[in-house]
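Novice: my_file.txt (compact mmCIF, C-alpha atoms and all ligand atoms) pasted underneath:
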```txt
# COMPACT_ATOMS: atom_id res chain seq x y z
CA MET A 1 7.84 -13.49 -22.29
CA LYS A 2 4.32 -14.69 -21.54
CA LYS A 3 1.95 -11.95 -20.46
CA SER A 4 -1.36 -12.40 -18.74
CA ILE A 5 -4.24 -9.96 -18.37
CA HIS A 6 -3.44 -6.22 -17.98
CA ASN A 7 0.12 -6.83 -19.26
CA LYS A 8 1.00 -8.58 -16.04
CA HIS A 9 3.62 -11.31 -15.79
CA ALA A 10 2.33 -14.86 -16.23
CA ASP A 11 3.57 -15.62 -12.69
CA ILE A 12 1.46 -12.95 -10.98
CA VAL A 13 -0.95 -14.42 -8.42
CA ILE A 14 -4.50 -13.35 -9.25
CA LYS A 15 -6.60 -12.74 -6.13
CA GLN A 16 -9.70 -11.63 -8.02
CA GLU A 17 -10.44 -11.38 -11.77
CA THR A 18 -13.08 -8.62 -11.68
CA PRO A 19 -12.21 -6.14 -10.47
CA PHE A 20 -8.61 -7.15 -11.09
CA ASN A 21 -6.55 -7.75 -7.94
CA ALA A 22 -3.19 -9.50 -8.03
CA GLY A 23 0.24 -9.61 -6.47
CA PRO A 24 3.70 -11.04 -7.17
CA PRO A 25 4.73 -14.46 -5.86
CA LEU A 26 6.34 -13.68 -2.48
CA LYS A 27 9.66 -15.26 -3.40
CA ARG A 28 10.04 -12.83 -6.30
CA LEU A 29 9.15 -9.80 -4.19
CA SER A 30 12.34 -9.30 -2.21
CA GLU A 31 14.63 -10.27 -5.10
CA CYS A 32 15.12 -6.68 -6.19
CA ALA A 33 14.63 -3.22 -4.71
CA VAL A 34 12.47 -2.00 -7.61
CA THR A 35 9.55 -4.27 -8.48
CA PRO A 36 9.29 -4.88 -12.24
CA THR A 37 6.08 -3.18 -13.44
CA ASP A 38 4.63 -6.46 -14.72
CA LEU A 39 4.91 -7.93 -11.20
CA PHE A 40 3.78 -4.81 -9.26
CA PHE A 41 0.70 -5.64 -7.17
CA VAL A 42 -2.71 -4.33 -8.26
CA ARG A 43 -5.51 -3.28 -5.90
CA SER A 44 -8.63 -2.03 -7.64
CA HIS A 45 -12.17 -1.63 -6.34
CA GLY A 46 -13.74 -1.18 -9.79
CA ASP A 47 -12.94 -1.75 -13.44
CA VAL A 48 -10.19 0.16 -15.22
CA PRO A 49 -11.95 3.24 -16.68
CA THR A 50 -11.54 4.17 -20.35
CA VAL A 51 -10.11 7.67 -20.58
CA ASN A 52 -10.60 9.96 -23.57
CA MET A 53 -7.41 12.04 -23.60
CA ASP A 54 -8.99 14.78 -25.78
CA SER A 55 -11.57 15.60 -23.15
CA TYR A 56 -9.57 14.56 -20.05
CA ARG A 57 -9.21 17.40 -17.52
CA LEU A 58 -7.88 17.45 -13.99
CA THR A 59 -9.86 19.94 -11.89
CA ILE A 60 -8.65 21.67 -8.72
CA ASN A 61 -11.44 23.23 -6.67
CA GLY A 62 -12.64 24.06 -3.17
CA ARG A 63 -10.74 26.40 -0.85
CA VAL A 64 -8.58 27.84 -3.62
CA SER A 65 -8.47 31.37 -5.05
CA GLN A 66 -7.92 30.19 -8.62
CA PRO A 67 -9.80 26.97 -9.54
CA LEU A 68 -8.01 25.10 -12.32
CA SER A 69 -9.03 22.75 -15.10
CA LEU A 70 -5.91 21.28 -16.72
CA SER A 71 -5.45 19.11 -19.78
CA PHE A 72 -2.84 16.37 -19.51
CA ALA A 73 -0.48 18.38 -21.76
CA GLN A 74 -0.87 21.52 -19.60
CA LEU A 75 -0.12 19.60 -16.47
CA LYS A 76 2.98 18.03 -18.00
CA ASN A 77 4.28 21.21 -19.65
CA ASP A 78 3.37 23.92 -17.15
CA PHE A 79 4.77 22.23 -14.05
CA LYS A 80 8.25 21.05 -13.18
CA ARG A 81 8.94 17.34 -13.40
CA ALA A 82 9.44 15.63 -10.03
CA GLU A 83 10.56 12.12 -9.18
CA VAL A 84 10.03 9.98 -6.12
CA SER A 85 11.13 6.44 -5.41
CA ALA A 86 8.37 5.01 -3.25
CA THR A 87 6.94 1.76 -1.96
CA LEU A 88 3.16 1.33 -2.04
CA MET A 89 1.54 -0.97 0.48
CA CYS A 90 -2.13 -1.79 0.87
CA ALA A 91 -3.59 -1.47 4.38
CA GLY A 92 -5.02 -4.96 3.76
CA ASN A 93 -1.58 -6.52 3.33
CA ARG A 94 -1.24 -9.72 5.47
CA ARG A 95 -5.03 -9.92 6.04
CA GLU A 96 -4.94 -13.67 5.32
CA GLU A 97 -3.16 -14.32 8.64
CA LEU A 98 -5.85 -12.35 10.52
CA THR A 99 -8.56 -14.26 8.64
CA ALA A 100 -7.04 -17.54 9.80
CA MET A 101 -7.57 -16.39 13.39
CA LYS A 102 -11.19 -15.26 12.93
CA PRO A 103 -13.08 -14.90 9.62
CA ILE A 104 -13.14 -11.50 7.89
CA PRO A 105 -15.99 -11.74 5.36
CA ASN A 106 -16.17 -9.63 2.18
CA GLU A 107 -12.53 -8.53 2.21
CA LEU A 108 -9.71 -9.79 -0.02
CA PRO A 109 -7.53 -12.33 1.79
CA TRP A 110 -4.18 -10.79 0.87
CA GLY A 111 -1.04 -12.67 1.79
CA ALA A 112 2.05 -10.53 2.25
CA GLU A 113 2.20 -9.61 -1.44
CA ALA A 114 0.12 -6.40 -1.40
CA ILE A 115 3.27 -4.27 -1.54
CA SER A 116 5.68 -3.21 -4.31
CA HIS A 117 8.24 -0.54 -5.07
CA ALA A 118 8.54 1.71 -8.14
CA ALA A 119 10.28 4.84 -9.36
CA TRP A 120 7.51 7.37 -10.04
CA ALA A 121 7.64 10.63 -11.98
CA GLY A 122 5.14 13.43 -12.42
CA VAL A 123 4.55 16.85 -10.88
CA ARG A 124 4.43 17.94 -7.26
CA LEU A 125 0.96 18.25 -5.76
CA GLY A 126 2.31 21.24 -3.80
CA ASP A 127 3.16 23.08 -7.06
CA VAL A 128 -0.34 22.49 -8.44
CA LEU A 129 -1.99 23.58 -5.17
CA THR A 130 0.16 26.71 -5.09
CA ALA A 131 -0.82 27.55 -8.69
CA ALA A 132 -4.46 27.18 -7.65
CA GLY A 133 -3.90 29.48 -4.67
CA ALA A 134 -4.84 26.90 -2.07
CA GLU A 135 -5.66 28.45 1.30
CA SER A 136 -3.04 27.52 3.81
CA GLU A 137 -4.26 29.10 7.01
CA ALA A 138 -7.92 28.65 7.63
CA GLY A 139 -7.44 28.62 11.42
CA PHE A 140 -8.03 24.85 11.40
CA PRO A 141 -6.43 21.97 9.49
CA LEU A 142 -7.51 21.59 5.87
CA HIS A 143 -7.72 18.40 3.83
CA VAL A 144 -7.11 17.62 0.18
CA GLU A 145 -9.55 15.22 -1.43
CA PHE A 146 -8.70 13.11 -4.48
CA GLY A 147 -11.40 11.74 -6.78
CA GLY A 148 -10.87 8.91 -9.25
CA LEU A 149 -12.74 8.14 -12.49
CA ASP A 150 -13.48 4.50 -11.66
CA GLU A 151 -16.84 3.44 -10.30
CA THR A 152 -17.58 0.84 -7.70
CA GLU A 153 -20.62 -0.36 -5.77
CA ARG A 154 -21.09 -0.63 -2.00
CA LEU A 155 -24.33 -0.88 0.00
CA TYR A 156 -26.28 -0.89 -3.32
CA LYS A 157 -24.91 2.50 -4.38
CA ARG A 158 -22.61 3.21 -7.32
CA PHE A 159 -19.98 5.88 -6.78
CA LYS A 160 -16.42 6.80 -7.65
CA PHE A 161 -13.33 5.92 -5.61
CA GLY A 162 -11.84 8.72 -3.49
CA GLY A 163 -10.02 9.68 -0.32
CA SER A 164 -8.14 12.52 1.31
CA ILE A 165 -4.95 13.51 3.12
CA PRO A 166 -4.16 16.47 5.38
CA LEU A 167 -3.07 19.63 3.52
CA THR A 168 0.24 19.64 5.44
CA LYS A 169 1.09 16.24 3.92
CA ALA A 170 -0.22 17.34 0.50
CA LEU A 171 2.22 20.25 0.46
CA SER A 172 5.28 18.15 1.26
CA GLY A 173 7.67 17.50 -1.61
CA GLU A 174 7.27 13.73 -1.83
CA VAL A 175 3.58 13.80 -2.75
CA ILE A 176 3.24 13.77 -6.53
CA LEU A 177 0.73 13.41 -9.34
CA ALA A 178 2.46 10.64 -11.25
CA TYR A 179 2.28 10.01 -14.99
CA GLU A 180 5.29 7.67 -15.17
CA MET A 181 6.12 4.41 -13.44
CA ASN A 182 9.59 2.87 -13.75
CA GLY A 183 10.44 5.17 -16.69
CA LYS A 184 7.33 4.41 -18.78
CA PRO A 185 3.89 6.03 -19.06
CA LEU A 186 1.62 4.87 -16.26
CA PRO A 187 -0.07 1.58 -17.35
CA PRO A 188 -3.92 1.63 -17.43
CA VAL A 189 -4.26 -0.75 -14.48
CA HIS A 190 -2.03 1.51 -12.33
CA GLY A 191 -4.00 4.68 -13.03
CA PHE A 192 -3.35 6.05 -16.53
CA PRO A 193 -3.16 8.90 -17.28
CA LEU A 194 -2.55 10.26 -13.77
CA ARG A 195 -2.49 9.01 -10.21
CA MET A 196 -1.58 10.25 -6.77
CA ILE A 197 1.53 8.93 -5.06
CA VAL A 198 1.35 9.58 -1.32
CA PRO A 199 4.55 7.99 0.04
CA GLY A 200 4.49 6.69 3.62
CA TYR A 201 0.67 6.45 3.64
CA ILE A 202 -1.61 3.44 3.09
CA GLY A 203 -2.00 2.62 -0.62
CA ALA A 204 -5.66 3.68 -0.67
CA ARG A 205 -4.69 7.37 -0.55
CA SER A 206 -2.66 7.02 -3.77
CA VAL A 207 -5.79 7.48 -5.87
CA LYS A 208 -5.55 6.16 -9.44
CA TRP A 209 -7.25 7.60 -12.59
CA LEU A 210 -7.27 10.98 -10.87
CA GLU A 211 -9.84 13.52 -12.10
CA LYS A 212 -10.59 15.85 -9.16
CA ILE A 213 -8.68 17.55 -6.37
CA THR A 214 -10.65 19.49 -3.75
CA VAL A 215 -9.26 21.51 -0.85
CA GLN A 216 -11.75 21.34 2.00
CA ALA A 217 -12.32 21.72 5.73
CA GLU A 218 -13.12 18.06 6.42
CA PRO A 219 -11.70 14.71 5.38
CA SER A 220 -13.35 13.22 2.29
CA GLN A 221 -16.96 11.99 2.63
CA ASN A 222 -16.11 9.15 0.23
CA TYR A 223 -16.95 5.64 1.44
CA PHE A 224 -13.27 4.70 1.26
CA GLN A 225 -12.38 7.46 3.73
CA ARG A 226 -15.47 7.46 5.98
CA HIS A 227 -16.15 3.72 6.33
CA ALA A 228 -13.43 1.61 4.76
CA TYR A 229 -9.80 2.07 5.81
CA ARG A 230 -10.63 2.82 9.42
CA LEU A 231 -8.98 0.93 12.26
CA PHE A 232 -11.11 -0.45 15.08
CA ALA A 233 -10.32 -2.22 18.36
CA PRO A 234 -10.20 -6.06 18.31
CA ASP A 235 -13.60 -6.40 20.05
CA VAL A 236 -15.54 -4.25 17.55
CA THR A 237 -17.61 -6.25 15.03
CA ALA A 238 -19.53 -5.47 11.84
CA GLU A 239 -22.71 -5.53 13.97
CA SER A 240 -21.47 -3.34 16.83
CA VAL A 241 -19.44 -0.83 14.81
CA ASN A 242 -19.96 2.89 15.10
CA TRP A 243 -18.17 4.01 11.94
CA ASP A 244 -17.20 7.42 13.33
CA ASP A 245 -15.18 5.87 16.16
CA GLY A 246 -12.46 4.26 14.04
CA LEU A 247 -9.09 5.77 13.29
CA MET A 248 -8.97 7.08 9.71
CA LEU A 249 -5.82 5.46 8.42
CA GLY A 250 -3.02 7.59 7.03
CA GLU A 251 0.59 6.73 7.80
CA LEU A 252 1.69 3.11 7.54
CA ASN A 253 3.01 1.25 10.59
CA VAL A 254 6.31 -0.64 10.87
CA ASN A 255 6.27 -4.12 9.35
CA ALA A 256 8.56 -6.94 8.17
CA VAL A 257 7.92 -10.10 6.19
CA ILE A 258 9.84 -13.27 5.29
CA CYS A 259 9.72 -13.81 1.52
CA SER A 260 12.36 -16.51 1.04
CA HIS A 261 10.36 -19.41 2.48
CA VAL A 262 6.72 -20.48 2.42
CA GLU A 263 4.81 -22.15 5.23
CA ASN A 264 5.89 -25.79 5.81
CA GLU A 265 8.63 -25.61 3.20
CA GLN A 266 11.20 -28.45 3.14
CA ALA A 267 14.72 -27.04 3.22
CA ALA A 268 18.08 -28.80 2.93
CA SER A 269 20.29 -28.71 6.04
CA GLY A 270 23.33 -26.44 6.13
CA VAL A 271 23.49 -22.72 5.54
CA ILE A 272 20.14 -21.24 4.51
CA THR A 273 19.56 -17.64 3.53
CA VAL A 274 16.39 -16.04 4.83
CA HIS A 275 15.34 -12.78 3.21
CA GLY A 276 12.40 -10.44 2.94
CA TYR A 277 11.20 -6.86 3.13
CA SER A 278 10.59 -4.37 5.92
CA MET A 279 8.77 -1.07 5.84
CA ALA A 280 8.46 1.94 8.13
CA GLY A 281 5.61 4.35 7.59
CA GLY A 282 5.47 8.13 7.41
CA GLY A 283 9.05 8.67 6.24
CA ARG A 284 10.56 6.90 9.23
CA GLU A 285 13.38 4.46 8.56
CA VAL A 286 13.76 0.82 9.42
CA ALA A 287 16.42 0.93 12.16
CA ARG A 288 16.77 -2.78 12.84
CA VAL A 289 15.41 -6.13 11.68
CA ASP A 290 15.61 -9.07 14.10
CA VAL A 291 15.26 -12.63 12.83
CA SER A 292 14.77 -15.80 14.85
CA CYS A 293 14.83 -19.47 13.81
CA ASP A 294 13.45 -20.78 17.11
CA GLY A 295 10.04 -19.11 17.29
CA GLY A 296 11.35 -15.94 18.94
CA GLU A 297 13.53 -17.41 21.73
CA THR A 298 16.75 -16.01 20.30
CA TRP A 299 17.36 -13.37 17.66
CA ILE A 300 20.06 -12.20 15.30
CA GLN A 301 20.18 -8.93 13.39
CA ALA A 302 19.67 -9.00 9.65
CA GLU A 303 21.83 -7.21 7.12
CA LEU A 304 19.85 -4.26 5.77
CA ASN A 305 19.80 -3.03 2.20
CA HIS A 306 18.62 0.56 2.65
CA ALA A 307 17.28 2.23 -0.46
CA ALA A 308 18.28 5.80 -1.29
CA SER A 309 14.80 7.10 -0.56
CA SER A 310 13.22 7.30 2.89
CA TRP A 311 9.93 6.43 1.17
CA ALA A 312 11.23 3.01 0.21
CA TRP A 313 11.09 -0.38 1.85
CA THR A 314 14.26 -1.92 3.27
CA LEU A 315 15.18 -5.38 2.03
CA TRP A 316 16.97 -7.58 4.57
CA LYS A 317 18.75 -10.93 4.71
CA VAL A 318 20.31 -13.26 7.23
CA GLN A 319 21.92 -16.71 7.26
CA PHE A 320 21.37 -19.65 9.60
CA ASP A 321 23.30 -22.90 9.74
CA LEU A 322 20.57 -25.46 10.42
CA LYS A 323 20.67 -29.16 11.27
CA PRO A 324 17.69 -31.39 10.41
CA GLY A 325 14.59 -30.59 12.45
CA LYS A 326 11.60 -28.27 12.68
CA PHE A 327 12.21 -24.53 12.89
CA GLN A 328 10.01 -21.48 13.15
CA LEU A 329 11.43 -18.45 11.38
CA VAL A 330 10.25 -15.14 12.84
CA VAL A 331 10.95 -11.55 11.78
CA ARG A 332 10.25 -8.21 13.46
CA ALA A 333 11.45 -4.72 12.64
CA VAL A 334 12.08 -1.58 14.70
CA ASP A 335 11.73 1.85 13.10
CA SER A 336 13.66 5.07 13.67
CA ALA A 337 11.08 6.27 16.21
CA GLY A 338 11.64 3.09 18.24
CA ASN A 339 8.29 1.56 17.25
CA VAL A 340 8.39 -2.23 17.48
CA GLN A 341 6.04 -4.77 15.96
CA PRO A 342 3.58 -6.49 18.31
CA LYS A 343 4.25 -10.15 19.04
CA ASP A 344 0.78 -11.61 18.59
CA MET A 345 -2.04 -11.25 16.12
CA GLU A 346 -4.62 -10.95 18.94
CA GLN A 347 -3.21 -7.49 19.58
CA VAL A 348 -3.86 -6.24 16.06
CA TRP A 349 -6.92 -8.21 14.87
CA ASN A 350 -9.69 -5.93 13.60
CA PHE A 351 -12.86 -6.85 11.73
CA LYS A 352 -11.85 -5.05 8.50
CA GLY A 353 -8.43 -6.71 8.54
CA TYR A 354 -6.12 -3.70 8.21
CA MET A 355 -2.53 -2.94 9.25
CA ASN A 356 -1.50 -6.42 10.41
CA ASN A 357 2.05 -5.96 11.64
CA ALA A 358 2.34 -8.80 14.16
CA TRP A 359 5.64 -10.73 14.03
CA HIS A 360 5.73 -12.67 10.77
CA ARG A 361 6.25 -16.42 11.31
CA ILE A 362 7.08 -19.21 8.86
CA ASN A 363 7.51 -22.87 9.85
CA ILE A 364 10.05 -24.92 7.92
CA ASN A 365 11.26 -28.53 8.02
CA VAL A 366 15.00 -28.97 7.57
CA GLN A 367 16.11 -32.34 6.18
CA ASP A 368 19.41 -34.00 5.44
N1 LIG R 401 -9.21 5.23 -8.32
C1 LIG R 401 -8.76 4.26 -7.52
N2 LIG R 401 -7.58 4.47 -6.89
C2 LIG R 401 -7.09 3.52 -6.08
C3 LIG R 401 -7.78 2.31 -5.83
C4 LIG R 401 -9.00 2.11 -6.53
O1 LIG R 401 -9.67 1.07 -6.40
N3 LIG R 401 -9.45 3.12 -7.36
N4 LIG R 401 -7.25 1.40 -4.94
C5 LIG R 401 -6.35 1.96 -3.93
C6 LIG R 401 -5.70 0.97 -3.09
S1 LIG R 401 -6.63 0.31 -1.85
C7 LIG R 401 -4.36 0.68 -3.23
S2 LIG R 401 -3.59 -0.34 -2.12
C8 LIG R 401 -3.56 1.25 -4.33
C9 LIG R 401 -2.93 0.15 -5.16
O2 LIG R 401 -2.23 0.67 -6.23
P1 LIG R 401 -1.75 -0.28 -7.42
O3 LIG R 401 -2.95 -0.98 -7.96
O4 LIG R 401 -1.06 0.58 -8.40
O5 LIG R 401 -0.80 -1.26 -6.78
O6 LIG R 401 -4.34 2.05 -5.20
C10 LIG R 401 -5.29 2.86 -4.54
N5 LIG R 401 -5.89 3.77 -5.49
MO MO R 402 -5.31 -0.81 -0.46
```
For the file at hand, write its structure as structure tokens.
Ligand SMILES: Nc1nc2c(c(=O)[nH]1)N[C@H]1C(S)=C(S)[C@@H](COP(=O)(O)O)O[C@H]1N2
Ligand SMILES: [Mo]
Specialist:
Amino acid sequence: MKKSIHNKHADIVIKQETPFNAGPPLKRLSECAVTPTDLFFVRSHGDVPTVNMDSYRLTINGRVSQPLSLSFAQLKNDFKRAEVSATLMCAGNRREELTAMKPIPNELPWGAEAISHAAWAGVRLGDVLTAAGAESEAGFPLHVEFGGLDETERLYKRFKFGGSIPLTKALSGEVILAYEMNGKPLPPVHGFPLRMIVPGYIGARSVKWLEKITVQAEPSQNYFQRHAYRLFAPDVTAESVNWDDGLMLGELNVNAVICSHVENEQAASGVITVHGYSMAGGGREVARVDVSCDGGETWIQAELNHAASSWAWTLWKVQFDLKPGKFQLVVRAVDSAGNVQPKDMEQVWNFKGYMNNAWHRININVQD
């Protein structure tokens, strides 16, 4: 099979060469519950770092009674293996649709392909934090910061990628330090030798090329926690923004996307199968997926293919019997907390282009 850069499939759609950012063709995405590693999307803010495994250490510091510095072998041998089947989605998924409404400069125009699913294996973050004697009751909520080895540049400064999650999330069983992806060692572009997997959260918190864990009183001061990945109201602009006002993103919101058809596709009349993915954040489940072929006038419920893990996406499909004409396919999901997707993009537009979960619409032309 032909391979392109970073061992990716020749069909992967490259969004940016350096740093490397790419995603699978949408039609391939909802074909199977586990994304093949060579089609798994890549979101990187810097170049893939070279890691010397002889000197590599993972350090655990901060509000702990026993700071640790672990070699890769120690981490693998001294802690119990843990597995989690989890979907990663970038907060910038579906930004392209927002950009079409109003420009979003300096951000990658992702279609709906910044999402993929893999079976991950590694060790539980909770086990490592316990071994380090992480403080649990400081009288206020603690945070766990993750630091990566890769460098990037913003506002003329070079620094390493990082972010944080609340300690309560860090201690839950699904959060792991992964060294395996789909049964193989983690590939360099996905974070070799070690990365965080924070299921149910925006992809940015699943820090790759992990070198540092710090337990601390405040969320991370890293640019990617303090500035980027914050959600602002639709009227806030790059000029008017007060960075401290935005919501620091954590849990994903409910979303659904049509993968089977592209915009303005010509389809043959008769029975057509429409399929795609849906996702509920924070461990919630997708309870229902509604699909329309008339722009949202009438709806039918899709058949859901629930994965075994509550950290996984739900693939869905539905059939319509269509005569020649123009149709607008629309999808919206409802999660187990009753959260529904907003109808219009105006309601979710924000100048950084995050968390677009407006109804997903695709226009098709049906011909004889
Ligand atoms: N060290 C590091 N970790 C990182 C990033 C990065 O640029 N550097 N990108 C983050 C973002 S924004 C996303 S969406 C996910 C993507 O993971 P993937 O490339 O394995 O798909 O990694 C996250 N972890
Ligand atoms: Mo992301």
Novice: Can you pull out the residues contacting Leu247 (chain A)? Cut-off 12 Å, using all atoms listed in the file, and skip same-chain residues under 3 positions away; I want them as a PyMOL selection string.
Specialist: chain A and resi 225-233+242-244+250-251+350+354-355
Novice: Could you tell me which of A:Gly270, A:Gly122, A:Gly282, A:Pro185 comes closest to Tyr201 (chain A) if we count all atoms listed in the file?
Specialist: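 Using all atoms listed in the file, the shortest distance to Tyr201 (chain A) belongs to A:Gly282.
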Novice: Taking all atoms listed in the file into account, which residues have an atom no farther than 6 Å from ligand LIG 401 (chain R)? I'd like them as an mmCIF file with C-alpha atoms, in the coordinates of the input.
Specialist:
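To be explicit, this is the file written out as selection-v4.cif:
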```cif
data_model
loop_
_atom_site.group_PDB
_atom_site.id
_atom_site.type_symbol
_atom_site.label_atom_id
_atom_site.label_comp_id
_atom_site.auth_asym_id
_atom_site.auth_seq_id
_atom_site.Cartn_x
_atom_site.Cartn_y
_atom_site.Cartn_z
ATOM 1 C CA PHE A 41 0.700 -5.640 -7.170
ATOM 2 C CA VAL A 42 -2.710 -4.330 -8.260
ATOM 3 C CA ARG A 43 -5.510 -3.280 -5.900
ATOM 4 C CA SER A 44 -8.630 -2.030 -7.640
ATOM 5 C CA HIS A 45 -12.170 -1.630 -6.340
ATOM 6 C CA GLY A 46 -13.740 -1.180 -9.790
ATOM 7 C CA MET A 89 1.540 -0.970 0.480
ATOM 8 C CA CYS A 90 -2.130 -1.790 0.870
ATOM 9 C CA GLY A 148 -10.870 8.910 -9.250
ATOM 10 C CA ASP A 150 -13.480 4.500 -11.660
ATOM 11 C CA PHE A 161 -13.330 5.920 -5.610
ATOM 12 C CA HIS A 190 -2.030 1.510 -12.330
ATOM 13 C CA GLY A 203 -2.000 2.620 -0.620
ATOM 14 C CA ALA A 204 -5.660 3.680 -0.670
ATOM 15 C CA SER A 206 -2.660 7.020 -3.770
ATOM 16 C CA VAL A 207 -5.790 7.480 -5.870
ATOM 17 C CA LYS A 208 -5.550 6.160 -9.440
ATOM 18 C CA TRP A 209 -7.250 7.600 -12.590
#
```
Novice: May I have the residues within 6 Å of Leu177 (chain A) as a PDB file with C-alpha atoms, in the coordinates of the input, using all atoms listed in the file and disregarding those fewer than 3 positions away in the same chain?
Specialist:
```pdb
ATOM      1  CA  GLY A 122       5.140  13.430 -12.420  1.00  0.00           C
ATOM      2  CA  VAL A 123       4.550  16.850 -10.880  1.00  0.00           C
ATOM      3  CA  ARG A 195      -2.490   9.010 -10.210  1.00  0.00           C
ATOM      4  CA  MET A 196      -1.580  10.250  -6.770  1.00  0.00           C
TER       5      MET A 196
END
```
Novice: Dump as an MDAnalysis selection string all residues having an atom at most 12 Å from (-6.3, -12.6, 4.5), computed in the file's coordinates with all atoms listed in the file.
Specialist: chainID A and resid 15 91:114 349:356
Novice: At a cut-off of 10 Å, using only C-alpha atoms, what residues contact region 255-258 of chain A? Leave out same-chain residues fewer than 5 positions from it and give the result as a VMD selection string.
Specialist: chain A and resid 26 to 27 30 94 112 to 113 274 to 281 286 289 to 291 313 to 317 329 to 335 339 to 342 355 to 362
Novice: For each of A:Gly163, A:Gly139, A:Pro24, A:Gly147, take the minimum atom-to-atom distance to ligand MO 402 (chain R), counting only C-alpha atoms and all ligand atoms, then give the residue where this is smallest.
Specialist: A:Gly163
Novice: Go through A:Glu346, A:Glu83, A:Asn61, A:Arg205 one by one, measure the shortest atom-to-atom distance of each to ligand MO 402 (chain R) using only C-alpha atoms and all ligand atoms, and give the residue with the smallest value.
Specialist: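 Between A:Glu346, A:Glu83, A:Asn61, A:Arg205, the residue approaching ligand MO 402 (chain R) most closely is A:Arg205.
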